[in-house]
Amino acid sequence: MNQFEQMIAGRMNLKTTQVAAVFALFAEGATIPFIARYRKDKTGALNEVQIQQIQDKLKILTEFADRKAFIEKTIGEQGKLTDELQARIDKAITITNLEDIYLPYKSKRKTKAQAARENGLEPLSVLILSQVQTNLEEVAKEYINDKVLTIEDTLQGARDIIAEQVNEDTTVRAKLRKCFEDTATFQSKVLPEKETEAIKYKDYFDFSEPIYKIPSHRILAILRGFLEGHLRMNIAPIEEEAIDLIESIYIKESLNSSVEQVKKAIKDSYKRLLHPSLETEFRTNMKNKADEEAINVFAENLKQLLLSAPLGSKRVLAIDPGYRTGCKIVCLDEQGALLKTSLIYIHEGNKQLEAGYVVKDLVAKYNIETFAIGDGTAGRETEQFIKSLNLNIPIFLVNEDGASIYSASEVAREEFPEEDITVRGSVSIGRRLMDPLAELVKLDPKSIGVGQYQHDVNQSRLKEKLDQIVVSCVNQVGVNLNTASKNLLSYVSGIGGTLADNIIKHRNEIGQFTSREQLLKVPRLGGKAYEQCAGFLRIKEGSNPLDASAVHPEAYPIIKKIAADLNVDVKELVSNETLLKTVEPKKYVTEEIGILTIQDVLKELKKPGLDPRSALEQFEFAGIYKMEDAKEGMMVPGVVTNITRFGAFVDIGVKQDGLVHVSEISHTFITDPNEVLKLNDKVMVKIVEVDITRKRIALSIKQTQEAPAKRANNTRFNNKEKAKSDF
């Protein structure tokens, strides 16, 4: 493990003691959010990203060590582990290096080379490979037997042995791998008579791009077309150059009959063994790399979505819009509890008046403070109708991706066993407005719709990464212990599904928690789980004001000492910035709690329980409602709904998101839209193209802004305005 600590520290430019501290905390069962928040003094203030990277690198190194041990054991059992071979294994630094060394010793199905050896042709292959001038046909005759009937059969067998030797040569594989990296192209062609069926892959009907520059989304698109049986694909350098490279290693003599045989063997080795093997290797590596990039895009989008601005505790009238089936209405109280359901029809003229009366009556009866309207089918029209009632109440369109999945889920059935799926969906829309994080954790993150090729990537890795993001966001925001759902609690550091269920049952028994200490009475929630979770759970208006903050209970004694030194009660200390500024942190450092923790405690006490999410802002679309209303040249406001490596999708209120290509985002060159855009950003866009047939809208952000050169001469632009324009 010490070796791993040094290796990871070196690769991440950290101190070995920092990595060792993280290893030790992992061994104790500590979670990443807990280590990042409450063990800064031990780790030297490593953040969640760094701690996650340490964990990921430890996993890779452990897998490497396990594979190395297996290879050593296997070769050793064959009696072939020489000192020289052991030294080569010890020098290997990647799994690929190890596998190249191990290749000749792998058990495999009977090969042509093995058959040739069994037929006694290995001495002939050695002679040919020496490339000495000889009468090869005469020599070959000596190897004819009842299994090798002709001279050509003997030469073919010898070439098979040489081809396998070339294939298993670590130097050849290393140099050829470098050749692939530098010069290979990723090619695709449409299969014959598939042009119509494969029209969505038209860009890849006759495609070629160097593998070192092809972006992840194109790799995944071609692979999808290939797996669907529409495209043929190939990864290869120029064949002649690859063969020349191998010949430069093996051909040592001038052209003679033996050299000719070696050249034939090399060509066969490349086409039959090396190229297929390396193509598979590169396809796998490129797929893994593309997967990781797509997963990272999804993860970043998910993080931004989960940390969307919450409305907070307001009475909400939520509407799941519909045309023929009507609009399902629910009224929710400040905690999101269901108060009333109703159904109105607003898209039939003779029923609009009645619908208006119903809405007004519900607003008055339940003291409604905000409208939440699903942004799907009929969403904009429903918004128009509510505006026409002139109720002077804020209206928000809410992204309803995944709401239908939630409404049919086991979670929804547990929450509302007596209600149908339309009611559950409406409740979810309203609660998403109040607290996006608390509601979205009830869904499988993949169903939220902010990914790129999420169904094509490694599903276990995707789930692992998205779960990490959910855990990070939940613990970053903190959880109200007395209102949190089982789903939300399960993501809190140290809890999980079983303890979350036990907490809910205990809460139902006692009414509500009045202190964090009561958690220790929850069945199976012991000291370690309490240590991990307590700081992330909030109790508002409890017996101890510190329980409403992110201060960990282990720091309570120090706060009491600070309060005593200032001759005030702990309650008087909380939120009293004037008093807190007089505290000297070094004075309260102990062996258990260091200066970084004390500084964090004092910062938290100034604004206890502060929600890190931004405040919710209202937004209004332009007066366009369908694609036919969108015209080229229009400047309209929009909301960023999804970010990919090739651009950002923006909702302009016409039931079809438009794409702002990465080249149309900023006047400054960027390679990643995340450099300047975030999910839910409000942006002004220009409609560049509308293709109703293909349901595509092309948008531009930079065309709504002045170019930097022009702006540089405009002295009226102050720094704040300039930054805002550049976003």
# chains A, B, ... in the order shown; residues from 1 in each chain; ligands from 1
call {"tool": "select_by_dssp", "arguments": {"residues": "region 385-506 of chain A", "states": "alpha helix (DSSP H)", "output": "ChimeraX atom specification"}}
result
/A:385-388,403-407,410-415,421-434,436-440,459-477,486-490,496-506
call {"tool": "write_last_selection", "arguments": {"atoms": "C-alpha atoms", "output": "PDB file, in the first residue's frame"}}
result
ATOM      1  CA  PHE A 385     -54.409  30.374 -20.069  1.00  0.00           C
ATOM      2  CA  ILE A 386     -53.201  30.902 -16.489  1.00  0.00           C
ATOM      3  CA  LYS A 387     -51.767  34.294 -17.446  1.00  0.00           C
ATOM      4  CA  SER A 388     -55.146  35.285 -18.910  1.00  0.00           C
ATOM      5  CA  ALA A 403     -42.062  12.680 -14.359  1.00  0.00           C
ATOM      6  CA  SER A 404     -44.048   9.940 -16.092  1.00  0.00           C
ATOM      7  CA  ILE A 405     -41.423   7.380 -15.045  1.00  0.00           C
ATOM      8  CA  TYR A 406     -41.696   8.551 -11.441  1.00  0.00           C
ATOM      9  CA  SER A 407     -45.505   8.471 -11.491  1.00  0.00           C
ATOM     10  CA  GLU A 410     -42.768   1.888  -6.815  1.00  0.00           C
ATOM     11  CA  VAL A 411     -41.623   5.030  -4.975  1.00  0.00           C
ATOM     12  CA  ALA A 412     -44.661   6.959  -6.244  1.00  0.00           C
ATOM     13  CA  ARG A 413     -47.013   4.083  -5.390  1.00  0.00           C
ATOM     14  CA  GLU A 414     -45.640   4.032  -1.835  1.00  0.00           C
ATOM     15  CA  GLU A 415     -46.159   7.801  -1.483  1.00  0.00           C
ATOM     16  CA  ILE A 421     -50.436   8.196 -12.172  1.00  0.00           C
ATOM     17  CA  THR A 422     -51.692  11.578 -13.430  1.00  0.00           C
ATOM     18  CA  VAL A 423     -51.964  12.890  -9.873  1.00  0.00           C
ATOM     19  CA  ARG A 424     -48.524  11.540  -8.971  1.00  0.00           C
ATOM     20  CA  GLY A 425     -47.020  13.212 -12.043  1.00  0.00           C
ATOM     21  CA  SER A 426     -48.565  16.569 -11.143  1.00  0.00           C
ATOM     22  CA  VAL A 427     -47.288  16.315  -7.572  1.00  0.00           C
ATOM     23  CA  SER A 428     -43.795  15.589  -8.892  1.00  0.00           C
ATOM     24  CA  ILE A 429     -43.927  18.702 -11.103  1.00  0.00           C
ATOM     25  CA  GLY A 430     -44.904  20.880  -8.136  1.00  0.00           C
ATOM     26  CA  ARG A 431     -42.289  19.392  -5.836  1.00  0.00           C
ATOM     27  CA  ARG A 432     -39.589  19.783  -8.494  1.00  0.00           C
ATOM     28  CA  LEU A 433     -40.213  23.496  -8.404  1.00  0.00           C
ATOM     29  CA  MET A 434     -40.053  23.618  -4.611  1.00  0.00           C
ATOM     30  CA  PRO A 436     -35.456  19.935  -7.455  1.00  0.00           C
ATOM     31  CA  LEU A 437     -32.865  17.909  -5.560  1.00  0.00           C
ATOM     32  CA  ALA A 438     -35.302  16.305  -3.126  1.00  0.00           C
ATOM     33  CA  GLU A 439     -37.627  15.260  -5.950  1.00  0.00           C
ATOM     34  CA  LEU A 440     -35.122  14.215  -8.611  1.00  0.00           C
ATOM     35  CA  GLN A 459     -24.043   1.060 -17.901  1.00  0.00           C
ATOM     36  CA  SER A 460     -22.327  -0.033 -14.680  1.00  0.00           C
ATOM     37  CA  ARG A 461     -19.783   2.784 -14.987  1.00  0.00           C
ATOM     38  CA  LEU A 462     -22.569   5.263 -15.783  1.00  0.00           C
ATOM     39  CA  LYS A 463     -24.527   4.225 -12.698  1.00  0.00           C
ATOM     40  CA  GLU A 464     -21.407   4.404 -10.532  1.00  0.00           C
ATOM     41  CA  LYS A 465     -20.578   7.924 -11.727  1.00  0.00           C
ATOM     42  CA  LEU A 466     -24.136   9.260 -11.499  1.00  0.00           C
ATOM     43  CA  ASP A 467     -24.578   7.811  -8.015  1.00  0.00           C
ATOM     44  CA  GLN A 468     -21.382   9.611  -6.981  1.00  0.00           C
ATOM     45  CA  ILE A 469     -22.828  12.880  -8.290  1.00  0.00           C
ATOM     46  CA  VAL A 470     -26.127  12.404  -6.457  1.00  0.00           C
ATOM     47  CA  VAL A 471     -24.309  11.614  -3.197  1.00  0.00           C
ATOM     48  CA  SER A 472     -22.100  14.674  -3.623  1.00  0.00           C
ATOM     49  CA  CYS A 473     -25.026  17.018  -4.320  1.00  0.00           C
ATOM     50  CA  VAL A 474     -27.224  15.718  -1.498  1.00  0.00           C
ATOM     51  CA  ASN A 475     -24.457  16.086   1.071  1.00  0.00           C
ATOM     52  CA  GLN A 476     -23.371  19.461  -0.296  1.00  0.00           C
ATOM     53  CA  VAL A 477     -26.875  20.868   0.223  1.00  0.00           C
ATOM     54  CA  LYS A 486     -36.397   7.732   2.241  1.00  0.00           C
ATOM     55  CA  ASN A 487     -34.798   8.233  -1.176  1.00  0.00           C
ATOM     56  CA  LEU A 488     -33.150  11.483  -0.148  1.00  0.00           C
ATOM     57  CA  LEU A 489     -31.933  10.097   3.173  1.00  0.00           C
ATOM     58  CA  SER A 490     -30.428   7.048   1.483  1.00  0.00           C
ATOM     59  CA  GLY A 496     -27.975   3.909   2.662  1.00  0.00           C
ATOM     60  CA  GLY A 497     -31.350   2.286   2.015  1.00  0.00           C
ATOM     61  CA  THR A 498     -31.790   0.156   5.152  1.00  0.00           C
ATOM     62  CA  LEU A 499     -30.897   2.897   7.636  1.00  0.00           C
ATOM     63  CA  ALA A 500     -32.985   5.433   5.684  1.00  0.00           C
ATOM     64  CA  ASP A 501     -35.979   3.144   6.103  1.00  0.00           C
ATOM     65  CA  ASN A 502     -35.241   2.761   9.828  1.00  0.00           C
ATOM     66  CA  ILE A 503     -34.942   6.543  10.244  1.00  0.00           C
ATOM     67  CA  ILE A 504     -38.342   7.086   8.594  1.00  0.00           C
ATOM     68  CA  LYS A 505     -39.966   4.445  10.825  1.00  0.00           C
ATOM     69  CA  HIS A 506     -38.404   5.955  13.967  1.00  0.00           C
TER      70      HIS A 506
END
call {"tool": "residues_around", "arguments": {"residues": "Val660 (chain A)", "least_positions_apart": "2", "cutoff": "12 Å", "atoms": "only C-alpha atoms", "output": "PyMOL selection string"}}
result
chain A and resi 638-652+657-658+662-666+673+677+683-689+696-703
call {"tool": "closest_residue", "arguments": {"among": "A:Val492, A:Val316, A:Ala294, A:Val132", "to": "Ile251 (chain A)", "atoms": "only C-alpha atoms"}}
result
A:Val132
call {"tool": "closest_residue", "arguments": {"among": "A:Glu253, A:Asp600, A:Asp203, A:Glu152", "to": "Pro585 (chain A)", "atoms": "only C-alpha atoms"}}
result
A:Asp600
call {"tool": "closest_residue", "arguments": {"among": "A:Ile243, A:Leu481, A:Leu302, A:Leu332", "to": "Asp444 (chain A)", "atoms": "only C-alpha atoms"}}
result
A:Leu302
call {"tool": "residues_around", "arguments": {"residues": "Asn544 (chain A)", "least_positions_apart": "4", "cutoff": "9 Å", "atoms": "only C-alpha atoms", "output": "VMD selection string"}}
result
chain A and resid 514 to 516 539 548 570 to 571
call {"tool": "write_last_selection", "arguments": {"atoms": "N, CA and C atoms", "output": "PDB file, in the first residue's frame"}}
result
ATOM      1  N   THR A 514     -35.946  16.040  17.520  1.00  0.00           N
ATOM      2  CA  THR A 514     -35.669  17.357  18.120  1.00  0.00           C
ATOM      3  C   THR A 514     -34.178  17.576  18.341  1.00  0.00           C
ATOM      4  N   SER A 515     -33.373  16.530  18.155  1.00  0.00           N
ATOM      5  CA  SER A 515     -31.918  16.665  18.269  1.00  0.00           C
ATOM      6  C   SER A 515     -31.236  15.587  17.440  1.00  0.00           C
ATOM      7  N   ARG A 516     -30.015  15.864  17.030  1.00  0.00           N
ATOM      8  CA  ARG A 516     -29.244  14.875  16.272  1.00  0.00           C
ATOM      9  C   ARG A 516     -28.945  13.634  17.108  1.00  0.00           C
ATOM     10  N   ILE A 539     -31.800  19.820  11.638  1.00  0.00           N
ATOM     11  CA  ILE A 539     -33.030  19.844  12.433  1.00  0.00           C
ATOM     12  C   ILE A 539     -33.360  21.303  12.722  1.00  0.00           C
ATOM     13  N   ALA A 548     -29.152  22.735  13.349  1.00  0.00           N
ATOM     14  CA  ALA A 548     -29.689  23.274  12.093  1.00  0.00           C
ATOM     15  C   ALA A 548     -28.574  23.689  11.145  1.00  0.00           C
ATOM     16  N   VAL A 570     -24.652  29.793  23.598  1.00  0.00           N
ATOM     17  CA  VAL A 570     -24.413  29.308  22.232  1.00  0.00           C
ATOM     18  C   VAL A 570     -25.422  29.913  21.266  1.00  0.00           C
ATOM     19  N   LYS A 571     -26.687  30.052  21.694  1.00  0.00           N
ATOM     20  CA  LYS A 571     -27.715  30.629  20.815  1.00  0.00           C
ATOM     21  C   LYS A 571     -27.364  32.060  20.410  1.00  0.00           C
TER      22      LYS A 571
END
call {"tool": "atom_distance", "arguments": {"atom1": "CA of Leu155 (chain A)", "atom2": "CA of Glu247 (chain A)"}}
result
18.8 Å
call {"tool": "select_by_dssp", "arguments": {"residues": "region 486-640 of chain A", "states": "strand (DSSP E)", "output": "PyMOL selection string"}}
result
chain A and resi 537-538+635-640
call {"tool": "atom_distance", "arguments": {"atom1": "CA of Ile393 (chain A)", "atom2": "CA of Gly336 (chain A)"}}
result
18.1 Å
call {"tool": "residues_around", "arguments": {"residues": "Asp291 (chain A)", "least_positions_apart": "2", "cutoff": "9 Å", "atoms": "only C-alpha atoms", "output": "list in words"}}
result
Ser216, Leu220, Met286, Lys287, Asn288, Lys289, Glu293, Ala294, Ile295, Asn296, Tyr453, Gln454, Asp456, Val457, Asn458, Arg461 and Leu462 of chain A
call {"tool": "closest_residue", "arguments": {"among": "A:Gln518, A:Asn234, A:Ser107, A:Asn47", "to": "Phe186 (chain A)", "atoms": "only C-alpha atoms"}}
result
A:Asn234
call {"tool": "closest_residue", "arguments": {"among": "A:Ile448, A:Leu227, A:Ala550, A:Val126", "to": "Asn301 (chain A)", "atoms": "only C-alpha atoms"}}
result
A:Ile448
call {"tool": "closest_residue", "arguments": {"among": "A:Glu628, A:Asn135, A:Lys15, A:Lys682", "to": "Lys695 (chain A)", "atoms": "only C-alpha atoms"}}
result
A:Glu628
call {"tool": "residues_around", "arguments": {"residues": "Arg173 (chain A)", "least_positions_apart": "5", "cutoff": "10 Å", "atoms": "only C-alpha atoms", "output": "list in words"}}
result
Asn97, Asp100, Val166, Asn167, Glu168, Lys178, Cys179, Ile246, Leu274, Ser277 and Leu278 of chain A
call {"tool": "residues_around", "arguments": {"residues": "region 354-362 of chain A", "least_positions_apart": "5", "cutoff": "7 Å", "atoms": "only C-alpha atoms", "output": "NGL selection string"}}
result
:A and (344-346 or 389)
